[in-house]
Amino acid sequence: MSTGETTPRKLPGSLNTNRQLDRWLRINREGTVSVFPGKVEIGQGILTALSQIVAEELDVALGRIRLAPTDTSYSPDEGMTSGSQSITDGGAALRYAAAEARDLLMQRAAAQLGVSLEQLSVTDGTVTARSGGSVTYWDIATDELLAREATGQVPPKPAAQHSVIGTAVPRHDIPAKVGGTPSYVHDLDLPGMLHGRVARPPSYGAKLAALDEAEVRAMPGVVAVVRDGSFVGVVTEREDQAIRTLQRIKRIARWDERATLPENTNPRFLLKEVSEDEVISEKSDKAAAGQAAKTLEAEYTRPYIAHATIGPSCALASFDKGRFTIWTHSQGIYPLRNDLSRVLAVEPERITVIHCDGAGCYGHNGADDVALDAALLARAAPGRPVRVQWMREDEFMWEPYGPAMVVKLKASLDTDGNIVDWVEDIWSNSHSTRPGAQKGVNLIAAWHLAQPHEPSPPRNPPLPGGGSHRNAIPIYEFPNQRVTNRLIKRMPLRVSAMRALGATANVFAIESFMDELAAAAGADPVEFRLRHLKDPRARAVIEMVAAKAGWKKGEKGDGSRGRGVGFARYKNGACYVAVIVEVDVGNEIGVKRAWAAIDAGLVINPDGLINQTEGGLIQTVSWALKEAVQFDRERVLTQTWDDYPILTFEEIPHVEVTIINRPELPPLGAGEGAQGPTASAIANAVFNAMGARLRDLPFTRDKVISALA
Amino acid sequence: MLAHERNASSPGDQNVAITLTVNGKKHEVAADPETPLLYVLRNDLKLKGARYGCGLGQCGACTVIIDGEAVQSCDVPASAVTGKAITTIEGIARNGKLHPLQEAFIAEQAAQCGYCATGIIMAAKALLDANPKATESEIRTALKGNLCRCGTHQRILHAIQRVAKELRQ
């Protein structure tokens with residue numbers, strides 16, 4: 001059916017949904033360039049990379065770039081900063097917007113200087129004609145120059161002309177962060193600011209039965225007590241008063257609790273849950289299947305794991321004359337505003353959400369939830385901003401965890417040791433329950449109000465990126481293949497996006513199983529992978545990491561030391577990463593050294609890419625060796641760092657990251673590529689060291705002992 | 001919704017005067033004597049560089065130096081450190097120049113989110129002040145109470161070793 005409208009041209013990245021050039025860029029008379037990113041800094045260095053892109057395409061010095069804080073009053077809506085998509089979404093938008101802005105500036109310069117475009121060159125915003133005469137961007141730019149829709153038709157510079165892209169520009173935010181200067185939303189200190197805390201229920205199913213509010217109100221410094229259903233919060237003059245009042249509430253409140261959690265922390269309870277099943281990949285070649293000579297089966301699991309940010313979530317809110325202002329480290333200010341609007345029952349236009357940096361989140365943590373907490377408390381103290389920071393136990397008990405998963409694999413080898421058949425089944429909850437859904441509210445406080453909101457129905461982001469099935473389809477070439485995703489909608493524990501989503505468990509399973517098959521085929525694990533891979537970029541990272549690590553064909557561990565390899569192309573479409581680790585297995589597993597090779601196409605900032613890859617690798621060593629959320633039938637028992645140990649300075653491996661730069665190819669998302677390869681490389685190294693196969697994360701001491709038994 | 005306005009008892013009725021010496025300057029604040037030093041630094045003195053991470057002395061994000069020792073300021077009552085010399089991250093620059101450890105963190109780009117960095121710098125400063133020749137293994141041990149979640153450890157170790165090396169020469 002024709003609507004009489006023509007489909008607008010598809011524009012690169014987030015330019016497609018935010019089409020005005022001046023939504024992204026402004027050329028200022030004082031010799032600076034304002035950049036309005038919709039993506040946010042979460043410790044990954046994205047804002048420095050985006051500045052490099054704009055400086056490159058506009059031909060201005062980096063020092064002229066001014067980044068505007070992301071703010072719903074003016075910033076482009078780029079949804080979430082997640083899924084390693086900021087360079088491909090926001091980076092592409094800014095790259096094309098800046099290229100087009102430069103073109104418009106050059107046309108205007110040509111007109112003013114009375115010469116043709118070919119006569120012009122530009123250095124740091126000064127346009128010079130070959131015949132003499134020059135103008136600057138700052139003199140000729142006017143507001144209306146960029147007040148137009150992007151065409152996306154001005155090509156960005158070819159790689160050969162890059163002088164800023166591809167260089168290790170230092171992060172612009174690090175001096176303040178190591179200098180002790182206020183840098184985070186946690187550090188905001190507004191005039192008249194009050195402090196709030198929320199007394200969360202002791203367990204998911206708990207309902208507030210009784211609370212002596214008079215006793216709470218009598219505590220020193222209390223300005224307001226907010227009680228609405230099972231939501232209880234307090235606002236005080238001083239932060240320490242809020243914490244003391246919170247402790248008092250926790251002592252005197254009575255809750256009715258229910259047993260709602262699985263019978264134990266073993267993820268295999270998922271196998272008994274009702275699931276929505278979908279075959280996501282199928283290939284059939286009967287002749288090849290007939291060659292099967294040996295069949296292996298194995299089952300791999302990952303427990304619930306916590307994002308465990310180092311800085312518990314924080315937000316500030318003020319409520320004045322019917323309008324809310326929220327300061328937040330959310331990964332998506334527009335989606336958050338969507339859900340806040342439903343709970344606070346005010347139009348989105350009456351809520352301004354401003355992003356400020358937070359501590360690293362690694363996915364969906366308490367950032368959005370605490371913003372609603374702050375808004376609910378601010379409503380009880382009109383005219384004065386309220387700062388709420390979660391306590392450590394709030395973050396551990398209430399953040400949405402990375403879901404537990406089970407992956408079952410079965411494969412057959414022919415007599416030459418080639419895989420001829422591959423069957424894979426995945427059990428998992430959804431990996432994305434973030435705010436911003438069409439229906440429902442994904443913020444904790446909303447579920448506890450006397451008039452509660454329902455969470456949105458669980459969904460799986462679609463392939464090729466995918467959610468629980470991210471990286472479930474092997475990148476290797478097998479003649480027969482069936483991969484089934486079993487999405488479980490009942491969520492006994494709150495879960496959502498954690499760095500790499502399902503890719504961690506899926507790659508861990510696939511790459512561990514590849515190792516098992518290599519052993520069964522009597523093949524070297526590096527050679528065995530290459531045997532089943534055609535993609536030259538995939539082969540190149542494996543060959544690179546093997547060379548860097550000095551991998552010897554058929555190398556064997558010595559009973560305690562050993563090495564293993566893991567590989568994946570993140571999301572089957574983003575960066576390629578191969579990892580080799582060396583372990584030392586004594587009473588516990590120690591990861592001593594690690595090598596990674598990464599191909600992320602065009603590299604914007606090589607040091608940023610190395611930092612992210614190194615960090616992803618080390619974080620995964622922690623997940624793989626130590627981490628699992630603990631609970632009983634009623635309560636989450638993980639409340640402090642004692643209950644949830646992570647890798648410490650004494651246990652950190654030496655890591656060496658090698659980049660394969662491909663400046664002629666598009667940049668690929670790279671923030672989450674090391675996770676799956678690292679987890680599997682550790683399991684494979686343990687097998688290489690001592691012949692014991694670990695299939696259940698995390699690889700704690702008792703798992704090693706039982707694998708050896 | 002039941003929102004209760006300010007109650008009859010005035011705020012801060014358990015507050016007492018506490019005198020603290022921070023970065024060489026004396027400050028008097030009014031706070032409950034049990035208030036952890038961290039909140040006095042951040043909210044009364046507006047020194048935001050020490051950060052709340054756990055409130056239990058388990059993570060090190062709030063580390064300051066008291067009489068030469070690295071101390072987790074979330075875990076010590078403000079009233080217990082009167083008369084002691086408290087140094088925070090804001091007090092280690094000299095003549096407008098960042099401390100060598102801070103410079104080294106920038107040179108090594110030893111941060112991702114950076115939330116843990118100030119506490120780690122203070123723990124490292126206490127170590128190098130006492131033992132300028134600290135080895136990698138001694139640095140690792142000294143930092144075992146400081147958690148980093150982004151996995152920036154290797155760069156942090158390089159930054160501290162860079163300073164230790166300069167001190168050895």
# chains A, B, ... in the order shown; residues from 1 in each chain; ligands from 1
>>> closest_atom_pairs(of="region 229-276 of chain A", to="region 13-29 of chain B", cutoff="12 Å", atoms="only C-alpha atoms", output="Markdown table")
| residue | atom | partner | partner_atom | distance |
| --- | --- | --- | --- | --- |
| A:Glu237 | CA | B:Asp13 | CA | 11.7 |
| A:Arg238 | CA | B:Asn15 | CA | 10.8 |
| A:Asp240 | CA | B:Asn15 | CA | 11.1 |
| A:Gln241 | CA | B:Gln14 | CA | 10.0 |
| A:Arg244 | CA | B:Gln14 | CA | 11.9 |
>>> residues_around(residues="region 408-419 of chain A", least_positions_apart="3", cutoff="9 Å", atoms="only C-alpha atoms", output="PyMOL selection string")
chain A and resi 288-301+422-427+477-481+509-510+513+517-518+520-523+528+531-532
>>> closest_residue(among="A:Thr620, A:Asn16, A:Gln161, A:Thr236", to="Val223 (chain A)", atoms="only C-alpha atoms")
A:Thr236
>>> residues_around(residues="Pro435 (chain A)", least_positions_apart="5", cutoff="8 Å", atoms="only C-alpha atoms", output="ChimeraX atom specification")
/A:335-336,338-339,368,441-443
>>> residues_around(residues="Cys54 (chain B)", least_positions_apart="5", cutoff="9 Å", atoms="only C-alpha atoms", output="list in words")
Ile310, Gly311, Pro312, Met391, Arg392, Glu393, Thr640 and Trp641 of chain A; Cys59, Gly60, Ala61, Cys62 and Cys74 of chain B
>>> write_last_selection(atoms="C-alpha atoms", output="PDB file, in the first residue's frame")
ATOM      1  CA  ILE A 310      33.397  -1.177  41.814  1.00  0.00           C
ATOM      2  CA  GLY A 311      31.277   1.949  42.454  1.00  0.00           C
ATOM      3  CA  PRO A 312      27.713   1.079  43.496  1.00  0.00           C
ATOM      4  CA  MET A 391      25.020   0.344  49.246  1.00  0.00           C
ATOM      5  CA  ARG A 392      27.324  -2.500  48.231  1.00  0.00           C
ATOM      6  CA  GLU A 393      24.699  -5.097  49.175  1.00  0.00           C
ATOM      7  CA  THR A 640      29.726  -8.281  49.953  1.00  0.00           C
ATOM      8  CA  TRP A 641      33.070  -8.832  48.229  1.00  0.00           C
TER       9      TRP A 641
ATOM     10  CA  CYS B  59      37.744  -2.860  48.002  1.00  0.00           C
ATOM     11  CA  GLY B  60      40.136   0.065  48.589  1.00  0.00           C
ATOM     12  CA  ALA B  61      38.308   2.703  46.490  1.00  0.00           C
ATOM     13  CA  CYS B  62      38.302   5.025  49.517  1.00  0.00           C
ATOM     14  CA  CYS B  74      35.060   4.002  54.825  1.00  0.00           C
TER      15      CYS B  74
END
>>> residues_around(residues="Lys125 (chain B)", least_positions_apart="6", cutoff="9 Å", atoms="only C-alpha atoms", output="PDB file with C-alpha atoms, in the first residue's frame")
ATOM      1  CA  ILE B  65      47.033   7.882  53.905  1.00  0.00           C
ATOM      2  CA  ALA B  70      47.252   3.392  53.630  1.00  0.00           C
ATOM      3  CA  LEU B 101      52.311   8.313  40.325  1.00  0.00           C
ATOM      4  CA  ILE B 160      53.741   2.025  39.649  1.00  0.00           C
TER       5      ILE B 160
END
